[in-house]
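Inspection log for the structure reproduced underneath, given as structure tokens.
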2 protein chains.
Amino acid sequence: MTVFPEEPVLEAAVRRRLSPGRFAHTVGVVETAEELARRFGIDVRKARVAAWLHDVAKDEPRESLLKRAEEFGIVFDEITARQAELWHSVIGAEIARREFGIDDEEVLAAIRYHTTGRAGMSGLEQVIFLADIIEPGREFPGVEELRRRSREDLEGAVLAALESTICYVIRQGGLLHPDAVAARNHILLRRS
Amino acid sequence: MTVFPEEPVLEAAVRRRLSPGRFAHTVGVVETAEELARRFGIDVRKARVAAWLHDVAKDEPRESLLKRAEEFGIVFDEITARQAELWHSVIGAEIARREFGIDDEEVLAAIRYHTTGRAGMSGLEQVIFLADIIEPGREFPGVEELRRRSREDLEGAVLAALESTICYVIRQGGLLHPDAVAARNHILLRRS
């Protein structure tokens with residue numbers, strides 16, 4: 001059985017690293033991830049640990065994230081390199097491994113891919129991806145429909161969330177990470 | 001100087017292979033491609049040849065396209081394999097090469113990628129991609145705006161057309177070909 005840090009330790013460490021608003025979001029993700037994990041038979045302990053740590057790097061300044069990437073030997077792909085808002089997921093997974101001693105690859109992948117998704121996401125990855133988007137603090141057009149779908153169909157809700165994210169990125173003129181598109185295609189292929 | 005088949009030969013061959021509606025569309029693409037090519041300094045002769053042949057395989061039945069793919073040794077990628085509407089571009093380029101003796105790689109690529117686009121499209125590829133979408137026979141919400149943009153900015157119009165296509169495919173629940181997404185990212189990166 002994988003050993004994880006105690007939750008009060010995680011909570012205190014995350015609180016120290018995040019702004020109050022981001023910490024409140026993280027608490028929302030932890031609660032939502034637990035709810036989704038219970039509903040869909042995913043390991044609740046892993047879901048809570050991944051949720052606590054998913055944004056652990058998000059409030060670090062750009063320069064600090066770049067320094068860590070270099071220190072960790074991380075080379076961003078071309079799209080990630082240009083989208084600073086994607087860095088925290090990749091760096092966050094590495095911080096979870098190095099500073100929190102997480103060696104469970106499922107938990108690390110859930111942190112690593114929580115912003116873009118990827119083809120063939122595990123149940124745990126889907127839980128964290130979705131909890132991040134629908135936690136109670138989130139407000140955007142369509143979030144209620146995503147919450148409704150997430151009560152019946154985890155993968156279907158992830159699909160809808162990916163589509164809403166892809167169209168949002170296009171409207172904003174942002175780069176689309178190929179992992180998000182591959183995640184959507186993979187779910188469509190599985191369900192067809 | 002590359003030798004291409006005479007236009008009356010191309011026209012007659014294409015007319016024989018296509019339904020009247022598709023032939024009319026092709027004539028529209030030839031005229032629009034010429035217009036765009038003149039405006040943006042692209043080889044007009046290549047643009048017309050690629051336009052004549054871009055849909056040469058489009059009215060062949062699925063089984064015939066699959067047979068040709070096998071005969072030509074074409075292995076579709078996973079997404080193309082599931083989207084029959086993408087087959088005609090790949091097969092069409094090969095028909096242009098084998099049956100029409102086209103050996104100009106720029107012309108062949110313009111046929112090959114006219115449906116999805118791809119990262120780093122040439123001017124000729126952009127002309128055919130766009131002419132296919134905005135030729136006078138096309139009617140859809142937003143086409144006038146694309147025609148307007150195409151009078152000033154070829155690449156900008158291609159970008160807008162890619163975005164409109166990507167969102168359309170998502171709304172239809174279709175698979176998104178990664179080449180279309182890479183085409184859009186590439187243009188955004190070039191322009192940033």
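By order of appearance in the structure tokens: chains A, B, ..., then residues from 1 within every chain, and ligands from 1 in the order shown.
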May I have a table of the residues of chain A lying at most 12 Å from chain B, giving each one's closest pair of atoms and their distance in Å to one decimal, counting only C-alpha atoms, ordered by chain and ascending residue number, as CSV?
residue,atom,partner,partner_atom,distance
A:Glu78,CA,B:Leu189,CA,9.6
A:Ile79,CA,B:Asn185,CA,7.9
A:Thr80,CA,B:Asn185,CA,11.5
A:Ala81,CA,B:Leu189,CA,11.3
A:Arg82,CA,B:Leu189,CA,8.6
A:Gln83,CA,B:Leu189,CA,11.1
A:Leu159,CA,B:Gly173,CA,10.1
A:Ala160,CA,B:Ile170,CA,10.0
A:Ala161,CA,B:Ile170,CA,11.9
A:Leu162,CA,B:Ile170,CA,10.1
A:Glu163,CA,B:Ile170,CA,6.8
A:Ser164,CA,B:Ile170,CA,9.3
A:Thr165,CA,B:Ile170,CA,11.2
A:Ile166,CA,B:Cys167,CA,8.5
A:Cys167,CA,B:Cys167,CA,6.4
A:Tyr168,CA,B:Cys167,CA,10.0
A:Val169,CA,B:Glu163,CA,10.4
A:Ile170,CA,B:Glu163,CA,6.7
A:Arg171,CA,B:Glu163,CA,8.6
A:Gln172,CA,B:Glu163,CA,11.2
A:Gly173,CA,B:Leu188,CA,8.0
A:Gly174,CA,B:Leu188,CA,8.1
A:Leu175,CA,B:Asn185,CA,5.5
A:Leu176,CA,B:Asn185,CA,6.6
A:His177,CA,B:Val181,CA,8.4
A:Pro178,CA,B:Pro178,CA,6.9
A:Asp179,CA,B:Pro178,CA,9.6
A:Ala180,CA,B:Pro178,CA,10.3
A:Val181,CA,B:Leu176,CA,6.9
A:Ala182,CA,B:Pro178,CA,7.7
A:Ala183,CA,B:Leu176,CA,10.5
A:Arg184,CA,B:Leu175,CA,7.9
A:Asn185,CA,B:Leu175,CA,5.5
A:His186,CA,B:Leu175,CA,8.8
A:Ile187,CA,B:Leu175,CA,9.8
A:Leu188,CA,B:Leu175,CA,7.1
A:Leu189,CA,B:Leu175,CA,8.1
A:Arg190,CA,B:Leu175,CA,11.6
A:Arg191,CA,B:Gly173,CA,11.5
A:Ser192,CA,B:Arg82,CA,10.2
(request) List the neighbours of range 54-69 of chain B out to 6 Å using only C-alpha atoms; skip same-chain residues closer than 5 positions along the sequence, and give me the result as number ranges by chain. (result) B: 18, 74, 88, 92, 111
(message) Let me make sure I understand: among B:Ile134, B:Ile128, B:Val3, B:Gly101, which one has the smallest atom-to-atom distance to Arg151 in chain B if we use only C-alpha atoms?
(response) B:Ile134
(request) Please report, as a PyMOL selection string, each residue of chain B to which DSSP assigns helix (DSSP H, G or I) when run on this structure's backbone. (result) chain B and resi 7-17+20-40+44-53+62-72+78-82+84-99+105-112+123-134+143-150+154-171+178-191
(request) Give me the residues within 10 Å of Ala13 in chain A as an NGL selection string, counting only C-alpha atoms and dropping any in the same chain fewer than 3 places off. (result) :A and (7-10 or 16-18 or 52-53 or 56 or 100)
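With only C-alpha atoms as the atoms that count, the minimum distance from Arg39 in chain B to the choices B:Gly73, B:Gly123, B:Pro136, B:Gly117 is reached by B:Gly123.
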(request) Find the residues around range 138-150 of chain B up to 10 Å (only C-alpha atoms counted), leave out those fewer than 2 positions away in its own chain, and share them as a ChimeraX atom specification. (result) /B:25,28,36,39-40,127,130-136,152-161,164
